[in-house]
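Content type mmCIF, C-alpha atoms, pLDDT in the B column; chains and numbers go by the auth columns, from the file query.cif:
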```cif
data_model
loop_
_atom_site.group_PDB
_atom_site.id
_atom_site.type_symbol
_atom_site.label_atom_id
_atom_site.label_comp_id
_atom_site.label_asym_id
_atom_site.label_seq_id
_atom_site.Cartn_x
_atom_site.Cartn_y
_atom_site.Cartn_z
_atom_site.B_iso_or_equiv
_atom_site.auth_seq_id
_atom_site.auth_asym_id
ATOM 1 C CA MET A 1 18.428 45.759 -35.537 71.00 1 A
ATOM 2 C CA SER A 2 14.932 44.368 -35.433 92.00 2 A
ATOM 3 C CA THR A 3 13.487 40.887 -35.478 95.00 3 A
ATOM 4 C CA LEU A 4 10.136 39.520 -36.600 96.00 4 A
ATOM 5 C CA ILE A 5 8.854 36.320 -34.992 96.00 5 A
ATOM 6 C CA VAL A 6 6.356 34.592 -37.291 96.00 6 A
ATOM 7 C CA TYR A 7 4.366 31.674 -35.947 95.00 7 A
ATOM 8 C CA VAL A 8 1.073 29.861 -35.816 93.00 8 A
ATOM 9 C CA THR A 9 -0.364 28.014 -32.848 87.00 9 A
ATOM 10 C CA LYS A 10 -3.257 25.641 -32.432 77.00 10 A
ATOM 11 C CA HIS A 11 -3.458 24.994 -28.685 72.00 11 A
ATOM 12 C CA ASP A 12 -1.328 27.958 -27.474 83.00 12 A
ATOM 13 C CA PHE A 13 1.843 25.984 -26.690 86.00 13 A
ATOM 14 C CA THR A 14 3.745 27.627 -29.551 91.00 14 A
ATOM 15 C CA ALA A 15 2.540 31.046 -28.369 91.00 15 A
ATOM 16 C CA LYS A 16 4.054 30.314 -24.931 92.00 16 A
ATOM 17 C CA CYS A 17 7.345 29.378 -26.584 93.00 17 A
ATOM 18 C CA VAL A 18 7.313 32.588 -28.619 94.00 18 A
ATOM 19 C CA MET A 19 6.741 34.656 -25.463 94.00 19 A
ATOM 20 C CA ARG A 20 9.730 33.020 -23.753 93.00 20 A
ATOM 21 C CA LEU A 21 11.862 33.458 -26.873 96.00 21 A
ATOM 22 C CA SER A 22 10.932 37.122 -27.233 95.00 22 A
ATOM 23 C CA LYS A 23 12.112 37.832 -23.675 93.00 23 A
ATOM 24 C CA GLN A 24 15.542 36.429 -24.550 93.00 24 A
ATOM 25 C CA LEU A 25 16.125 38.521 -27.694 93.00 25 A
ATOM 26 C CA ASP A 26 18.462 41.505 -27.613 90.00 26 A
ATOM 27 C CA ASP A 27 16.859 43.181 -30.649 80.00 27 A
ATOM 28 C CA ASN A 28 13.609 45.054 -30.901 90.00 28 A
ATOM 29 C CA PHE A 29 11.011 42.597 -32.086 94.00 29 A
ATOM 30 C CA ASP A 30 7.503 42.255 -33.453 93.00 30 A
ATOM 31 C CA ILE A 31 5.370 39.135 -33.356 95.00 31 A
ATOM 32 C CA LEU A 32 3.151 37.961 -36.217 95.00 32 A
ATOM 33 C CA ASN A 33 0.604 35.239 -35.468 95.00 33 A
ATOM 34 C CA LEU A 34 -0.373 33.932 -38.906 95.00 34 A
ATOM 35 C CA ARG A 35 -3.850 33.032 -37.629 89.00 35 A
ATOM 36 C CA GLU A 36 -4.488 36.732 -36.963 88.00 36 A
ATOM 37 C CA LYS A 37 -2.635 38.357 -39.875 83.00 37 A
ATOM 38 C CA LYS A 38 -1.123 36.746 -42.963 75.00 38 A
ATOM 39 C CA ASP A 39 1.678 39.142 -43.849 75.00 39 A
ATOM 40 C CA THR A 40 3.768 42.172 -42.990 84.00 40 A
ATOM 41 C CA LYS A 41 6.451 44.317 -44.573 89.00 41 A
ATOM 42 C CA LEU A 42 9.567 42.190 -44.187 94.00 42 A
ATOM 43 C CA GLU A 43 11.890 44.950 -45.364 92.00 43 A
ATOM 44 C CA HIS A 44 11.562 46.505 -41.882 91.00 44 A
ATOM 45 C CA TYR A 45 13.374 43.555 -40.287 94.00 45 A
ATOM 46 C CA ASP A 46 16.969 42.351 -40.188 94.00 46 A
ATOM 47 C CA SER A 47 16.073 38.925 -38.759 95.00 47 A
ATOM 48 C CA VAL A 48 13.041 36.687 -39.103 96.00 48 A
ATOM 49 C CA ILE A 49 12.259 33.742 -36.841 97.00 49 A
ATOM 50 C CA ILE A 50 9.674 31.311 -38.206 97.00 50 A
ATOM 51 C CA GLY A 51 8.038 28.347 -36.534 96.00 51 A
ATOM 52 C CA GLY A 52 5.020 26.404 -35.509 93.00 52 A
ATOM 53 C CA PRO A 53 3.672 23.102 -34.301 91.00 53 A
ATOM 54 C CA ILE A 54 3.890 19.769 -36.066 85.00 54 A
ATOM 55 C CA TYR A 55 0.525 18.045 -36.592 75.00 55 A
ATOM 56 C CA MET A 56 0.211 14.718 -38.366 72.00 56 A
ATOM 57 C CA GLY A 57 3.884 14.913 -39.337 76.00 57 A
ATOM 58 C CA GLN A 58 3.600 18.340 -40.986 80.00 58 A
ATOM 59 C CA ILE A 59 4.172 21.910 -39.919 89.00 59 A
ATOM 60 C CA MET A 60 0.948 23.884 -40.066 89.00 60 A
ATOM 61 C CA LYS A 61 0.082 25.072 -43.570 93.00 61 A
ATOM 62 C CA GLU A 62 0.142 28.770 -42.653 94.00 62 A
ATOM 63 C CA VAL A 63 3.874 28.513 -41.959 94.00 63 A
ATOM 64 C CA LYS A 64 4.602 26.735 -45.247 94.00 64 A
ATOM 65 C CA GLU A 65 2.519 29.273 -47.183 94.00 65 A
ATOM 66 C CA PHE A 66 4.278 32.213 -45.489 96.00 66 A
ATOM 67 C CA CYS A 67 7.711 30.787 -46.342 95.00 67 A
ATOM 68 C CA GLU A 68 6.783 30.075 -49.957 95.00 68 A
ATOM 69 C CA LYS A 69 5.142 33.455 -50.492 95.00 69 A
ATOM 70 C CA ASN A 70 8.057 35.407 -48.978 96.00 70 A
ATOM 71 C CA LEU A 71 11.005 33.205 -49.930 95.00 71 A
ATOM 72 C CA GLN A 72 12.789 35.844 -52.002 95.00 72 A
ATOM 73 C CA GLU A 73 12.670 38.500 -49.271 95.00 73 A
ATOM 74 C CA LEU A 74 13.402 35.985 -46.494 96.00 74 A
ATOM 75 C CA SER A 75 16.515 34.774 -48.317 93.00 75 A
ATOM 76 C CA LYS A 76 18.079 38.198 -47.604 93.00 76 A
ATOM 77 C CA LYS A 77 17.516 38.016 -43.821 95.00 77 A
ATOM 78 C CA LYS A 78 19.098 36.373 -40.825 96.00 78 A
ATOM 79 C CA ILE A 79 16.812 33.381 -40.264 96.00 79 A
ATOM 80 C CA GLY A 80 15.797 31.242 -37.290 96.00 80 A
ATOM 81 C CA LEU A 81 13.580 28.159 -37.700 97.00 81 A
ATOM 82 C CA PHE A 82 11.801 26.186 -34.990 95.00 82 A
ATOM 83 C CA VAL A 83 9.138 23.556 -34.504 93.00 83 A
ATOM 84 C CA CYS A 84 7.057 22.400 -31.575 89.00 84 A
ATOM 85 C CA GLY A 85 6.167 18.752 -31.205 81.00 85 A
ATOM 86 C CA MET A 86 6.191 15.722 -28.965 70.00 86 A
ATOM 87 C CA SER A 87 8.421 13.449 -31.052 63.00 87 A
ATOM 88 C CA ASP A 88 11.945 12.309 -30.290 68.00 88 A
ATOM 89 C CA GLU A 89 14.943 14.403 -31.359 73.00 89 A
ATOM 90 C CA ASP A 90 15.646 12.500 -34.589 71.00 90 A
ATOM 91 C CA LYS A 91 12.058 12.798 -35.743 70.00 91 A
ATOM 92 C CA ILE A 92 11.922 16.504 -34.814 72.00 92 A
ATOM 93 C CA ASN A 93 15.105 17.126 -36.833 77.00 93 A
ATOM 94 C CA SER A 94 13.503 15.435 -39.834 78.00 94 A
ATOM 95 C CA PHE A 95 10.386 17.610 -39.368 80.00 95 A
ATOM 96 C CA ILE A 96 12.589 20.714 -39.469 84.00 96 A
ATOM 97 C CA GLU A 97 14.244 19.418 -42.635 87.00 97 A
ATOM 98 C CA GLN A 98 10.948 18.745 -44.424 86.00 98 A
ATOM 99 C CA SER A 99 9.030 21.771 -43.116 89.00 99 A
ATOM 100 C CA PHE A 100 11.108 24.630 -44.482 93.00 100 A
ATOM 101 C CA PRO A 101 12.507 25.497 -47.930 93.00 101 A
ATOM 102 C CA GLN A 102 16.159 24.579 -48.469 94.00 102 A
ATOM 103 C CA LYS A 103 17.065 28.230 -49.065 94.00 103 A
ATOM 104 C CA LEU A 104 15.906 29.109 -45.540 94.00 104 A
ATOM 105 C CA LYS A 105 17.531 26.096 -43.913 93.00 105 A
ATOM 106 C CA ASP A 106 20.826 27.054 -45.584 93.00 106 A
ATOM 107 C CA ARG A 107 20.562 30.613 -44.185 91.00 107 A
ATOM 108 C CA ALA A 108 19.372 29.618 -40.714 94.00 108 A
ATOM 109 C CA SER A 109 21.530 30.901 -37.872 94.00 109 A
ATOM 110 C CA ALA A 110 19.444 28.822 -35.472 94.00 110 A
ATOM 111 C CA LYS A 111 17.211 25.773 -35.740 94.00 111 A
ATOM 112 C CA GLY A 112 15.276 24.567 -32.740 91.00 112 A
ATOM 113 C CA ASP A 113 12.996 22.065 -31.104 89.00 113 A
ATOM 114 C CA PHE A 114 10.964 23.881 -28.456 90.00 114 A
ATOM 115 C CA GLY A 115 9.088 20.829 -27.160 84.00 115 A
ATOM 116 C CA GLY A 116 5.368 20.197 -27.154 78.00 116 A
ATOM 117 C CA SER A 117 2.327 19.423 -25.094 63.00 117 A
ATOM 118 C CA PHE A 118 -0.772 17.287 -24.898 62.00 118 A
ATOM 119 C CA ILE A 119 -3.597 19.192 -23.231 67.00 119 A
ATOM 120 C CA PHE A 120 -6.612 16.952 -23.668 61.00 120 A
ATOM 121 C CA LYS A 121 -9.282 19.513 -22.748 71.00 121 A
ATOM 122 C CA SER A 122 -8.124 21.724 -25.642 76.00 122 A
ATOM 123 C CA MET A 123 -8.203 18.900 -28.203 66.00 123 A
ATOM 124 C CA ASN A 124 -11.097 17.852 -30.372 73.00 124 A
ATOM 125 C CA PHE A 125 -12.395 14.267 -30.335 67.00 125 A
ATOM 126 C CA PHE A 126 -10.231 13.177 -33.270 66.00 126 A
ATOM 127 C CA GLU A 127 -7.041 14.598 -31.732 70.00 127 A
ATOM 128 C CA ARG A 128 -7.743 12.921 -28.375 64.00 128 A
ATOM 129 C CA PHE A 129 -8.420 9.616 -30.129 67.00 129 A
ATOM 130 C CA ILE A 130 -5.177 9.759 -32.117 68.00 130 A
ATOM 131 C CA ILE A 131 -3.031 10.722 -29.110 64.00 131 A
ATOM 132 C CA LYS A 132 -4.570 7.999 -26.925 63.00 132 A
ATOM 133 C CA HIS A 133 -3.948 5.312 -29.530 66.00 133 A
ATOM 134 C CA ILE A 134 -0.611 6.345 -31.011 70.00 134 A
ATOM 135 C CA CYS A 135 1.110 7.817 -27.966 64.00 135 A
ATOM 136 C CA LYS A 136 -0.595 5.479 -25.487 73.00 136 A
ATOM 137 C CA THR A 137 -1.492 8.230 -23.030 70.00 137 A
ATOM 138 C CA ASN A 138 -4.581 10.085 -21.907 74.00 138 A
ATOM 139 C CA LYS A 139 -2.752 12.396 -19.518 78.00 139 A
ATOM 140 C CA ASP A 140 -1.802 16.008 -20.057 71.00 140 A
ATOM 141 C CA ILE A 141 1.903 16.432 -20.757 62.00 141 A
ATOM 142 C CA LEU A 142 3.844 19.685 -20.899 65.00 142 A
ATOM 143 C CA ASN A 143 7.343 19.425 -22.368 71.00 143 A
ATOM 144 C CA LEU A 144 8.570 23.011 -22.734 80.00 144 A
ATOM 145 C CA LYS A 145 12.253 22.838 -23.671 87.00 145 A
ATOM 146 C CA GLU A 146 13.348 26.084 -22.046 91.00 146 A
ATOM 147 C CA HIS A 147 17.040 25.336 -22.513 93.00 147 A
ATOM 148 C CA ASN A 148 16.534 24.856 -26.268 93.00 148 A
ATOM 149 C CA ILE A 149 14.662 28.165 -26.509 94.00 149 A
ATOM 150 C CA ASP A 150 17.420 29.953 -24.600 95.00 150 A
ATOM 151 C CA GLU A 151 20.148 28.444 -26.814 95.00 151 A
ATOM 152 C CA PHE A 152 18.169 29.376 -29.927 93.00 152 A
ATOM 153 C CA ALA A 153 17.853 32.977 -28.706 95.00 153 A
ATOM 154 C CA ALA A 154 21.578 33.145 -27.956 94.00 154 A
ATOM 155 C CA LYS A 155 22.338 32.079 -31.549 95.00 155 A
ATOM 156 C CA MET A 156 19.936 34.692 -32.912 95.00 156 A
ATOM 157 C CA ASN A 157 21.507 37.348 -30.672 93.00 157 A
ATOM 158 C CA THR A 158 24.971 36.651 -32.087 86.00 158 A
ATOM 159 C CA LYS A 159 25.948 39.384 -34.504 77.00 159 A
ATOM 160 C CA ALA A 160 27.459 37.967 -37.663 61.00 160 A
#
```

Please rewrite the model in this file as structure tokens.
Amino acid sequence: MSTLIVYVTKHDFTAKCVMRLSKQLDDNFDILNLREKKDTKLEHYDSVIIGGPIYMGQIMKEVKEFCEKNLQELSKKKIGLFVCGMSDEDKINSFIEQSFPQKLKDRASAKGDFGGSFIFKSMNFFERFIIKHICKTNKDILNLKEHNIDEFAAKMNTKA
């Protein structure tokens, strides 16, 4: 069995989540950062985990494009879907629902909220402005949901 983890990251938080997730997987795995490479041969994988950060209420476009482009092949795989963000649980669940095609959500063995972060030195002026005014903070926040990542991995490790 082999697993492909497909993701995109903007400020490296999602990459940290992917590294933790990869250490929890029983299968052999490869990692595809969509900012570095847009595609791979999916037929080599039994499972595909797909995720990324939520910005302005949307998952990053690279993730949506990957799902749309590969929907037929992905619909034959064991699927895991995750997002990273700083919203409350209800809002994160709605982001998962709107971020991925229904076919993938129906096949998903695991869906997860891996948390998020605000690291002001890595943000541009516009991002800092928005966070300060909407979230009412100007402090760095790291909210890595390790337990959620571990539970997600356990679901992906289950043979079914």

*For A:Phe66, please output as a ChimeraX atom specification all residues within 12 Å (counting all atoms listed in the file; exclusion window: fewer than 3 positions along the same chain).*
/A:6-8,32-35,37-40,42,48-52,59-63,69-74,99-101

Per-axis box centre and lengths in Å around stretch 69-86 of chain A, 4 Å margin per side, axis-aligned, as lines of an AutoDock Vina configuration file:
```
center_x = 12.1
center_y = 27.1
center_z = -40.5
size_x = 22.0
size_y = 30.8
size_z = 31.0
```

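What separates atom CA of A:Asp12 from atom CA of A:Leu144 is a distance of 12.0 Å.
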
_Ground truth for the PyMOL selection byres ((chain A and resi 156) around 10), written as a PyMOL selection string_ = chain A and resi 3+24-27+47-49+78-80+108-111+150-155+157-160

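Interatomic distance, atom CA of A:Leu4 to atom CA of A:Val18: 10.9 Å.
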
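Counting from atom CA of A:Ser22, the distance to atom CA of A:Ile54 is 20.7 Å.
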
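Using all atoms listed in the file, the protein and nucleic acid residues lying no more than 9 Å from A:Ile96, apart from those fewer than 6 places from it along its own chain, are Ile59, Leu81, Phe82, Val83, Lys105, Lys111, Gly112 and Asp113 of chain A.
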
_List the spatial neighbours of A:Tyr55 as a ChimeraX atom specification - criterion: any atom at most 12 Å away, only C-alpha atoms, same-chain residues fewer than 2 positions off excluded._
/A:8-11,52-53,57-61,83-87,92,95,99,116-118,127,130-131

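In this comparison, which uses all atoms listed in the file, the residue of A:Asn28, A:Asn148, A:Ser75, A:Asn93 approaching A:Arg107 most closely is A:Ser75.
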